[in-house]
Amino acid sequence: MKLDEKGLALVFVLWVLVFISVIAGGFSFAARQGRKTVYSEGIKTKAYYISLAGFNAALAGLIQAGKEKKEDEVWRVNADLPSMPFGEGRFQVFISNDSGKINLNKADMGMIQLLLTNSELSDHDKDVIVSSILDWRDKDSFARLNGAEKEYYSSLPNPYTPRNDNFSSPSELLKVRGITQEIFAAFFKNRLSVKIDENELLPQKSSIQEYLQLENRGVQNGIQTFFTIEKRREMNRVGKQYDHSKININAAAAGMLLCLPGMTENLVEQVLAYRREKDLISLSDFEAIVGKEVFAGISKYLSLNLSRYYTITSAGWVNGSEIIQRVRMDVWVDNKNWNEYKVVQRY
């Protein structure tokens, strides 16, 4: 073989070696990335189930406290609860209650006006918003003086039809006359609920057909189950209805407290500082913080009663990892029969 042929052969062999090295390196990199992905997904899965454990622990704690008719400091509403160990990681839970918000589908004119307390809108613009909200959710087609019904919305550049029924979500307010993104973010966001009346989750009527349905489904002790449902309906019928014209001072967030007439940022911070240590157990505790004059102007809006609706948010993570997984659900708890609860929404 000539010298130049030997040189070409050597170059060819070197190129083959380089090519093989590149391929091997690629496979090695892919394998490492695959291992990282599998590891990451494993951590995420563990963190998720730790988070779910936190949710279940909080729900069980609420139900147990309800059965025993006592306040549970471990699972306080609207409090910064400490993280807790579980398995190979920890979870941290936050519990809110709808009693700290205004129910958009139940609130009267006064409660809706309350949300605009600190706005610089003119009285006319406020009336347009409040009247249009009431028009949106009522079932008739008659507009209030400064409200809006189908005729108004049909005349818009991009026309649509008002619901004439309950709001499906707080963000639906953005379709209502007078409400802009800025107004919604400043005065409505995170201060509203659209849950149905908590008593409506219990059936209101019964019949022999329902008993037969229980029997057909093979429910053991069908007749006993039937009468248990009957008893709960009767308790529900004569029971005290939740008052949607009041705000729970332990469940209300800072933004909601600031909507109350006379409340300043300084007073709100004082209330929050008190609640970091313990719940307010009487309205007189609240009066002692804000003063008699402010209290006199807002006492009619205040309550200590909790709604049957809770939102439980749980964050979970594995020790040594920065990956956090969250579980958030709205739960309805029957406070006349604490064994009954329903998850009404998952996020």
# chains A, B, ... in the order shown; residues from 1 in each chain; ligands from 1
>>> residues_around(residues="stretch 186-189 of chain A", least_positions_apart="6", cutoff="10 Å", atoms="only C-alpha atoms", output="list in words")
Ile102, Leu104, Ile112, Leu114, Leu115, Leu116, Thr117, Asn118, Ser119, Pro170, Ser171, Leu173, Ile179, Thr180, Gly255, Met256 and Cys259 of chain A
>>> atom_distance(atom1="atom CA of A:Ala296", atom2="atom CA of A:Asn103")
23.5 Å
>>> residues_around(residues="stretch 289-291 of chain A", least_positions_apart="4", cutoff="9 Å", atoms="only C-alpha atoms", output="list in words")
Met263, Leu267, Val268, Gln270, Val271, Tyr274, Ser284, Asp285, Phe295 and Ala296 of chain A
>>> write_last_selection(atoms="N, CA, C and O atoms", output="PDB file, in the first residue's frame")
ATOM      1  N   MET A 263     -62.793  51.268  57.945  1.00  0.00           N
ATOM      2  CA  MET A 263     -61.603  50.447  58.153  1.00  0.00           C
ATOM      3  C   MET A 263     -60.436  51.005  57.339  1.00  0.00           C
ATOM      4  O   MET A 263     -60.569  51.269  56.145  1.00  0.00           O
ATOM      5  N   LEU A 267     -55.901  49.626  60.730  1.00  0.00           N
ATOM      6  CA  LEU A 267     -56.852  48.847  61.523  1.00  0.00           C
ATOM      7  C   LEU A 267     -56.911  47.400  61.033  1.00  0.00           C
ATOM      8  O   LEU A 267     -56.995  46.467  61.835  1.00  0.00           O
ATOM      9  N   VAL A 268     -56.879  47.232  59.714  1.00  0.00           N
ATOM     10  CA  VAL A 268     -56.903  45.877  59.152  1.00  0.00           C
ATOM     11  C   VAL A 268     -55.680  45.094  59.620  1.00  0.00           C
ATOM     12  O   VAL A 268     -55.784  43.924  60.014  1.00  0.00           O
ATOM     13  N   GLN A 270     -54.033  45.527  62.341  1.00  0.00           N
ATOM     14  CA  GLN A 270     -54.204  45.203  63.760  1.00  0.00           C
ATOM     15  C   GLN A 270     -55.105  43.985  63.941  1.00  0.00           C
ATOM     16  O   GLN A 270     -54.843  43.129  64.801  1.00  0.00           O
ATOM     17  N   VAL A 271     -56.156  43.907  63.131  1.00  0.00           N
ATOM     18  CA  VAL A 271     -57.056  42.740  63.180  1.00  0.00           C
ATOM     19  C   VAL A 271     -56.305  41.480  62.772  1.00  0.00           C
ATOM     20  O   VAL A 271     -56.407  40.429  63.424  1.00  0.00           O
ATOM     21  N   TYR A 274     -53.928  40.279  65.470  1.00  0.00           N
ATOM     22  CA  TYR A 274     -54.661  39.578  66.532  1.00  0.00           C
ATOM     23  C   TYR A 274     -54.986  38.156  66.097  1.00  0.00           C
ATOM     24  O   TYR A 274     -54.790  37.197  66.851  1.00  0.00           O
ATOM     25  N   SER A 284     -67.223  41.901  70.480  1.00  0.00           N
ATOM     26  CA  SER A 284     -66.631  42.908  71.368  1.00  0.00           C
ATOM     27  C   SER A 284     -65.106  42.892  71.262  1.00  0.00           C
ATOM     28  O   SER A 284     -64.454  43.923  71.453  1.00  0.00           O
ATOM     29  N   ASP A 285     -64.521  41.715  70.941  1.00  0.00           N
ATOM     30  CA  ASP A 285     -63.076  41.652  70.699  1.00  0.00           C
ATOM     31  C   ASP A 285     -62.707  42.509  69.492  1.00  0.00           C
ATOM     32  O   ASP A 285     -61.675  43.199  69.493  1.00  0.00           O
ATOM     33  N   PHE A 295     -66.695  50.641  64.858  1.00  0.00           N
ATOM     34  CA  PHE A 295     -67.529  49.453  65.087  1.00  0.00           C
ATOM     35  C   PHE A 295     -69.009  49.781  64.922  1.00  0.00           C
ATOM     36  O   PHE A 295     -69.765  48.988  64.344  1.00  0.00           O
ATOM     37  N   ALA A 296     -69.424  50.942  65.404  1.00  0.00           N
ATOM     38  CA  ALA A 296     -70.838  51.323  65.300  1.00  0.00           C
ATOM     39  C   ALA A 296     -71.291  51.396  63.849  1.00  0.00           C
ATOM     40  O   ALA A 296     -72.445  51.083  63.529  1.00  0.00           O
TER      41      ALA A 296
END
>>> closest_atom_pairs(of="stretch 63-135 of chain A", to="stretch 47-56 of chain A", cutoff="10 Å", atoms="only C-alpha atoms", output="CSV")
residue,atom,partner,partner_atom,distance
A:Ser83,CA,A:Gly54,CA,9.4
A:Met84,CA,A:Gly54,CA,8.3
A:Pro85,CA,A:Ile50,CA,9.2
A:Phe86,CA,A:Ile50,CA,6.6
A:Gly87,CA,A:Ile50,CA,7.5
A:Glu88,CA,A:Ile50,CA,8.5
A:Gly89,CA,A:Ile50,CA,7.0
A:Arg90,CA,A:Ile50,CA,6.9
A:Phe91,CA,A:Ser51,CA,5.7
A:Gln92,CA,A:Gly54,CA,6.8
A:Val93,CA,A:Gly54,CA,6.4
A:Phe94,CA,A:Phe55,CA,9.2
A:Ile95,CA,A:Phe55,CA,9.4
>>> residues_around(residues="A:Glu322", least_positions_apart="4", cutoff="12 Å", atoms="only C-alpha atoms", output="mmCIF file with N, CA, C and O atoms, in the first residue's frame")
data_model
loop_
_atom_site.group_PDB
_atom_site.id
_atom_site.type_symbol
_atom_site.label_atom_id
_atom_site.label_comp_id
_atom_site.auth_asym_id
_atom_site.auth_seq_id
_atom_site.Cartn_x
_atom_site.Cartn_y
_atom_site.Cartn_z
ATOM 1 N N SER A 40 -37.400 13.300 38.323
ATOM 2 C CA SER A 40 -38.240 14.478 38.546
ATOM 3 C C SER A 40 -39.716 14.102 38.637
ATOM 4 O O SER A 40 -40.434 14.581 39.516
ATOM 5 N N ILE A 43 -40.423 12.511 41.963
ATOM 6 C CA ILE A 43 -40.510 13.501 43.037
ATOM 7 C C ILE A 43 -41.856 14.227 42.974
ATOM 8 O O ILE A 43 -42.500 14.467 44.003
ATOM 9 N N LYS A 44 -42.288 14.579 41.748
ATOM 10 C CA LYS A 44 -43.580 15.261 41.595
ATOM 11 C C LYS A 44 -44.718 14.393 42.102
ATOM 12 O O LYS A 44 -45.648 14.877 42.757
ATOM 13 N N ALA A 47 -44.627 14.310 45.870
ATOM 14 C CA ALA A 47 -45.063 15.603 46.406
ATOM 15 C C ALA A 47 -46.574 15.761 46.288
ATOM 16 O O ALA A 47 -47.220 16.308 47.186
ATOM 17 N N GLY A 89 -41.560 13.798 53.286
ATOM 18 C CA GLY A 89 -41.602 15.236 53.058
ATOM 19 C C GLY A 89 -42.478 15.948 54.063
ATOM 20 O O GLY A 89 -42.656 15.491 55.201
ATOM 21 N N ARG A 90 -43.065 17.059 53.639
ATOM 22 C CA ARG A 90 -43.922 17.874 54.500
ATOM 23 C C ARG A 90 -45.061 18.447 53.674
ATOM 24 O O ARG A 90 -44.963 18.556 52.441
ATOM 25 N N ALA A 315 -50.124 22.314 50.062
ATOM 26 C CA ALA A 315 -48.873 22.248 49.296
ATOM 27 C C ALA A 315 -47.996 21.156 49.895
ATOM 28 O O ALA A 315 -47.839 21.080 51.119
ATOM 29 N N GLY A 316 -47.437 20.302 49.032
ATOM 30 C CA GLY A 316 -46.599 19.215 49.513
ATOM 31 C C GLY A 316 -45.262 19.174 48.801
ATOM 32 O O GLY A 316 -45.164 19.546 47.628
ATOM 33 N N TRP A 317 -44.235 18.762 49.515
ATOM 34 C CA TRP A 317 -42.921 18.656 48.900
ATOM 35 C C TRP A 317 -42.125 17.539 49.580
ATOM 36 O O TRP A 317 -42.409 17.145 50.716
ATOM 37 N N VAL A 318 -41.140 17.032 48.854
ATOM 38 C CA VAL A 318 -40.241 15.994 49.359
ATOM 39 C C VAL A 318 -39.029 16.668 49.980
ATOM 40 O O VAL A 318 -38.515 17.665 49.445
#
>>> select_by_dssp(residues="stretch 98-196 of chain A", states="helix (DSSP H, G or I)", output="ChimeraX atom specification")
/A:98-100,109-115,123-137,150-154,170-175,181-187
>>> atom_distance(atom1="atom CA of A:Leu145", atom2="atom CA of A:Gln113")
16.0 Å
>>> atom_distance(atom1="atom CA of A:Thr45", atom2="atom CA of A:Val327")
12.2 Å
>>> closest_residue(among="A:Val331, A:Val294, A:Val343, A:Ile312", to="A:Ala58", atoms="only C-alpha atoms")
A:Ile312
>>> residues_around(residues="A:Asp279", least_positions_apart="5", cutoff="9 Å", atoms="only C-alpha atoms", output="PDB file with all heavy atoms, in the first residue's frame")
ATOM      1  N   GLU A  73     -57.411  24.494  67.082  1.00  0.00           N
ATOM      2  CA  GLU A  73     -56.311  25.412  66.803  1.00  0.00           C
ATOM      3  C   GLU A  73     -55.391  24.889  65.703  1.00  0.00           C
ATOM      4  O   GLU A  73     -54.717  25.657  65.029  1.00  0.00           O
ATOM      5  CB  GLU A  73     -55.508  25.648  68.089  1.00  0.00           C
ATOM      6  CG  GLU A  73     -56.214  26.527  69.110  1.00  0.00           C
ATOM      7  CD  GLU A  73     -56.445  27.937  68.593  1.00  0.00           C
ATOM      8  OE1 GLU A  73     -55.503  28.552  68.081  1.00  0.00           O
ATOM      9  OE2 GLU A  73     -57.583  28.424  68.692  1.00  0.00           O
ATOM     10  N   ARG A  76     -57.112  25.986  61.993  1.00  0.00           N
ATOM     11  CA  ARG A  76     -57.835  27.251  62.033  1.00  0.00           C
ATOM     12  C   ARG A  76     -58.086  27.786  60.627  1.00  0.00           C
ATOM     13  O   ARG A  76     -57.263  27.616  59.722  1.00  0.00           O
ATOM     14  CB  ARG A  76     -57.069  28.280  62.837  1.00  0.00           C
ATOM     15  CG  ARG A  76     -57.060  28.035  64.345  1.00  0.00           C
ATOM     16  CD  ARG A  76     -56.165  29.028  65.039  1.00  0.00           C
ATOM     17  NE  ARG A  76     -56.579  30.400  64.736  1.00  0.00           N
ATOM     18  CZ  ARG A  76     -55.744  31.427  64.718  1.00  0.00           C
ATOM     19  NH1 ARG A  76     -54.447  31.251  64.938  1.00  0.00           N
ATOM     20  NH2 ARG A  76     -56.183  32.645  64.453  1.00  0.00           N
ATOM     21  N   VAL A  77     -59.214  28.453  60.473  1.00  0.00           N
ATOM     22  CA  VAL A  77     -59.583  29.054  59.198  1.00  0.00           C
ATOM     23  C   VAL A  77     -58.834  30.367  59.003  1.00  0.00           C
ATOM     24  O   VAL A  77     -58.695  31.174  59.928  1.00  0.00           O
ATOM     25  CB  VAL A  77     -61.102  29.299  59.137  1.00  0.00           C
ATOM     26  CG1 VAL A  77     -61.471  30.137  57.916  1.00  0.00           C
ATOM     27  CG2 VAL A  77     -61.847  27.972  59.111  1.00  0.00           C
ATOM     28  N   ALA A  79     -55.776  31.106  58.741  1.00  0.00           N
ATOM     29  CA  ALA A  79     -54.578  31.304  59.559  1.00  0.00           C
ATOM     30  C   ALA A  79     -53.368  30.716  58.843  1.00  0.00           C
ATOM     31  O   ALA A  79     -53.489  29.780  58.056  1.00  0.00           O
ATOM     32  CB  ALA A  79     -54.762  30.642  60.925  1.00  0.00           C
ATOM     33  N   ILE A 249     -65.695  37.788  60.617  1.00  0.00           N
ATOM     34  CA  ILE A 249     -64.487  38.574  60.859  1.00  0.00           C
ATOM     35  C   ILE A 249     -63.241  37.703  61.039  1.00  0.00           C
ATOM     36  O   ILE A 249     -62.116  38.209  60.974  1.00  0.00           O
ATOM     37  CB  ILE A 249     -64.664  39.504  62.086  1.00  0.00           C
ATOM     38  CG1 ILE A 249     -65.132  38.698  63.304  1.00  0.00           C
ATOM     39  CG2 ILE A 249     -65.626  40.624  61.767  1.00  0.00           C
ATOM     40  CD1 ILE A 249     -65.275  39.535  64.568  1.00  0.00           C
ATOM     41  N   ASN A 250     -63.420  36.415  61.266  1.00  0.00           N
ATOM     42  CA  ASN A 250     -62.267  35.514  61.339  1.00  0.00           C
ATOM     43  C   ASN A 250     -61.892  34.953  59.982  1.00  0.00           C
ATOM     44  O   ASN A 250     -60.748  34.551  59.761  1.00  0.00           O
ATOM     45  CB  ASN A 250     -62.550  34.359  62.307  1.00  0.00           C
ATOM     46  CG  ASN A 250     -62.498  34.787  63.757  1.00  0.00           C
ATOM     47  OD1 ASN A 250     -61.585  35.486  64.169  1.00  0.00           O
ATOM     48  ND2 ASN A 250     -63.492  34.378  64.535  1.00  0.00           N
ATOM     49  N   TYR A 274     -53.928  40.279  65.470  1.00  0.00           N
ATOM     50  CA  TYR A 274     -54.661  39.578  66.532  1.00  0.00           C
ATOM     51  C   TYR A 274     -54.986  38.156  66.097  1.00  0.00           C
ATOM     52  O   TYR A 274     -54.790  37.197  66.851  1.00  0.00           O
ATOM     53  CB  TYR A 274     -55.950  40.350  66.853  1.00  0.00           C
ATOM     54  CG  TYR A 274     -56.744  39.791  68.019  1.00  0.00           C
ATOM     55  CD1 TYR A 274     -56.690  40.392  69.265  1.00  0.00           C
ATOM     56  CD2 TYR A 274     -57.552  38.658  67.868  1.00  0.00           C
ATOM     57  CE1 TYR A 274     -57.418  39.887  70.342  1.00  0.00           C
ATOM     58  CE2 TYR A 274     -58.272  38.139  68.932  1.00  0.00           C
ATOM     59  CZ  TYR A 274     -58.201  38.763  70.161  1.00  0.00           C
ATOM     60  OH  TYR A 274     -58.917  38.249  71.221  1.00  0.00           O
TER      61      TYR A 274
END
>>> decode(residues="stretch 157-174 of chain A", atoms="N, CA and C atoms", output="PDB file, in the first residue's frame")
ATOM      1  N   PRO A 157     -70.693  46.635  20.341  1.00  0.00           N
ATOM      2  CA  PRO A 157     -69.999  46.235  19.097  1.00  0.00           C
ATOM      3  C   PRO A 157     -69.904  44.717  18.937  1.00  0.00           C
ATOM      4  N   ASN A 158     -69.689  44.013  20.056  1.00  0.00           N
ATOM      5  CA  ASN A 158     -69.708  42.545  20.055  1.00  0.00           C
ATOM      6  C   ASN A 158     -70.835  42.100  20.987  1.00  0.00           C
ATOM      7  N   PRO A 159     -72.045  42.056  20.455  1.00  0.00           N
ATOM      8  CA  PRO A 159     -73.221  41.819  21.303  1.00  0.00           C
ATOM      9  C   PRO A 159     -73.250  40.416  21.931  1.00  0.00           C
ATOM     10  N   TYR A 160     -73.903  40.317  23.070  1.00  0.00           N
ATOM     11  CA  TYR A 160     -74.138  39.034  23.725  1.00  0.00           C
ATOM     12  C   TYR A 160     -75.386  39.169  24.591  1.00  0.00           C
ATOM     13  N   THR A 161     -75.827  38.049  25.136  1.00  0.00           N
ATOM     14  CA  THR A 161     -77.067  38.019  25.908  1.00  0.00           C
ATOM     15  C   THR A 161     -76.743  37.888  27.389  1.00  0.00           C
ATOM     16  N   PRO A 162     -77.365  38.699  28.244  1.00  0.00           N
ATOM     17  CA  PRO A 162     -77.120  38.569  29.687  1.00  0.00           C
ATOM     18  C   PRO A 162     -77.650  37.236  30.195  1.00  0.00           C
ATOM     19  N   ARG A 163     -77.115  36.764  31.301  1.00  0.00           N
ATOM     20  CA  ARG A 163     -77.481  35.448  31.801  1.00  0.00           C
ATOM     21  C   ARG A 163     -78.915  35.409  32.313  1.00  0.00           C
ATOM     22  N   ASN A 164     -79.350  36.477  33.013  1.00  0.00           N
ATOM     23  CA  ASN A 164     -80.661  36.472  33.683  1.00  0.00           C
ATOM     24  C   ASN A 164     -80.807  35.253  34.587  1.00  0.00           C
ATOM     25  N   ASP A 165     -79.745  34.987  35.307  1.00  0.00           N
ATOM     26  CA  ASP A 165     -79.710  33.866  36.249  1.00  0.00           C
ATOM     27  C   ASP A 165     -78.459  34.060  37.115  1.00  0.00           C
ATOM     28  N   ASN A 166     -78.216  33.117  38.003  1.00  0.00           N
ATOM     29  CA  ASN A 166     -77.052  33.220  38.873  1.00  0.00           C
ATOM     30  C   ASN A 166     -75.750  33.275  38.084  1.00  0.00           C
ATOM     31  N   PHE A 167     -74.776  33.993  38.638  1.00  0.00           N
ATOM     32  CA  PHE A 167     -73.440  34.028  38.054  1.00  0.00           C
ATOM     33  C   PHE A 167     -72.811  32.644  38.169  1.00  0.00           C
ATOM     34  N   SER A 168     -72.095  32.237  37.135  1.00  0.00           N
ATOM     35  CA  SER A 168     -71.418  30.941  37.179  1.00  0.00           C
ATOM     36  C   SER A 168     -70.031  31.050  37.801  1.00  0.00           C
ATOM     37  N   SER A 169     -69.459  32.256  37.783  1.00  0.00           N
ATOM     38  CA  SER A 169     -68.147  32.496  38.386  1.00  0.00           C
ATOM     39  C   SER A 169     -68.000  33.993  38.625  1.00  0.00           C
ATOM     40  N   PRO A 170     -67.155  34.409  39.585  1.00  0.00           N
ATOM     41  CA  PRO A 170     -66.945  35.843  39.816  1.00  0.00           C
ATOM     42  C   PRO A 170     -66.437  36.565  38.571  1.00  0.00           C
ATOM     43  N   SER A 171     -65.620  35.907  37.749  1.00  0.00           N
ATOM     44  CA  SER A 171     -65.061  36.561  36.567  1.00  0.00           C
ATOM     45  C   SER A 171     -66.126  36.902  35.527  1.00  0.00           C
ATOM     46  N   GLU A 172     -67.303  36.310  35.645  1.00  0.00           N
ATOM     47  CA  GLU A 172     -68.400  36.642  34.727  1.00  0.00           C
ATOM     48  C   GLU A 172     -68.819  38.102  34.894  1.00  0.00           C
ATOM     49  N   LEU A 173     -68.438  38.709  36.008  1.00  0.00           N
ATOM     50  CA  LEU A 173     -68.719  40.133  36.235  1.00  0.00           C
ATOM     51  C   LEU A 173     -68.133  41.008  35.143  1.00  0.00           C
ATOM     52  N   LEU A 174     -67.091  40.528  34.497  1.00  0.00           N
ATOM     53  CA  LEU A 174     -66.441  41.316  33.442  1.00  0.00           C
ATOM     54  C   LEU A 174     -67.366  41.551  32.255  1.00  0.00           C
TER      55      LEU A 174
END
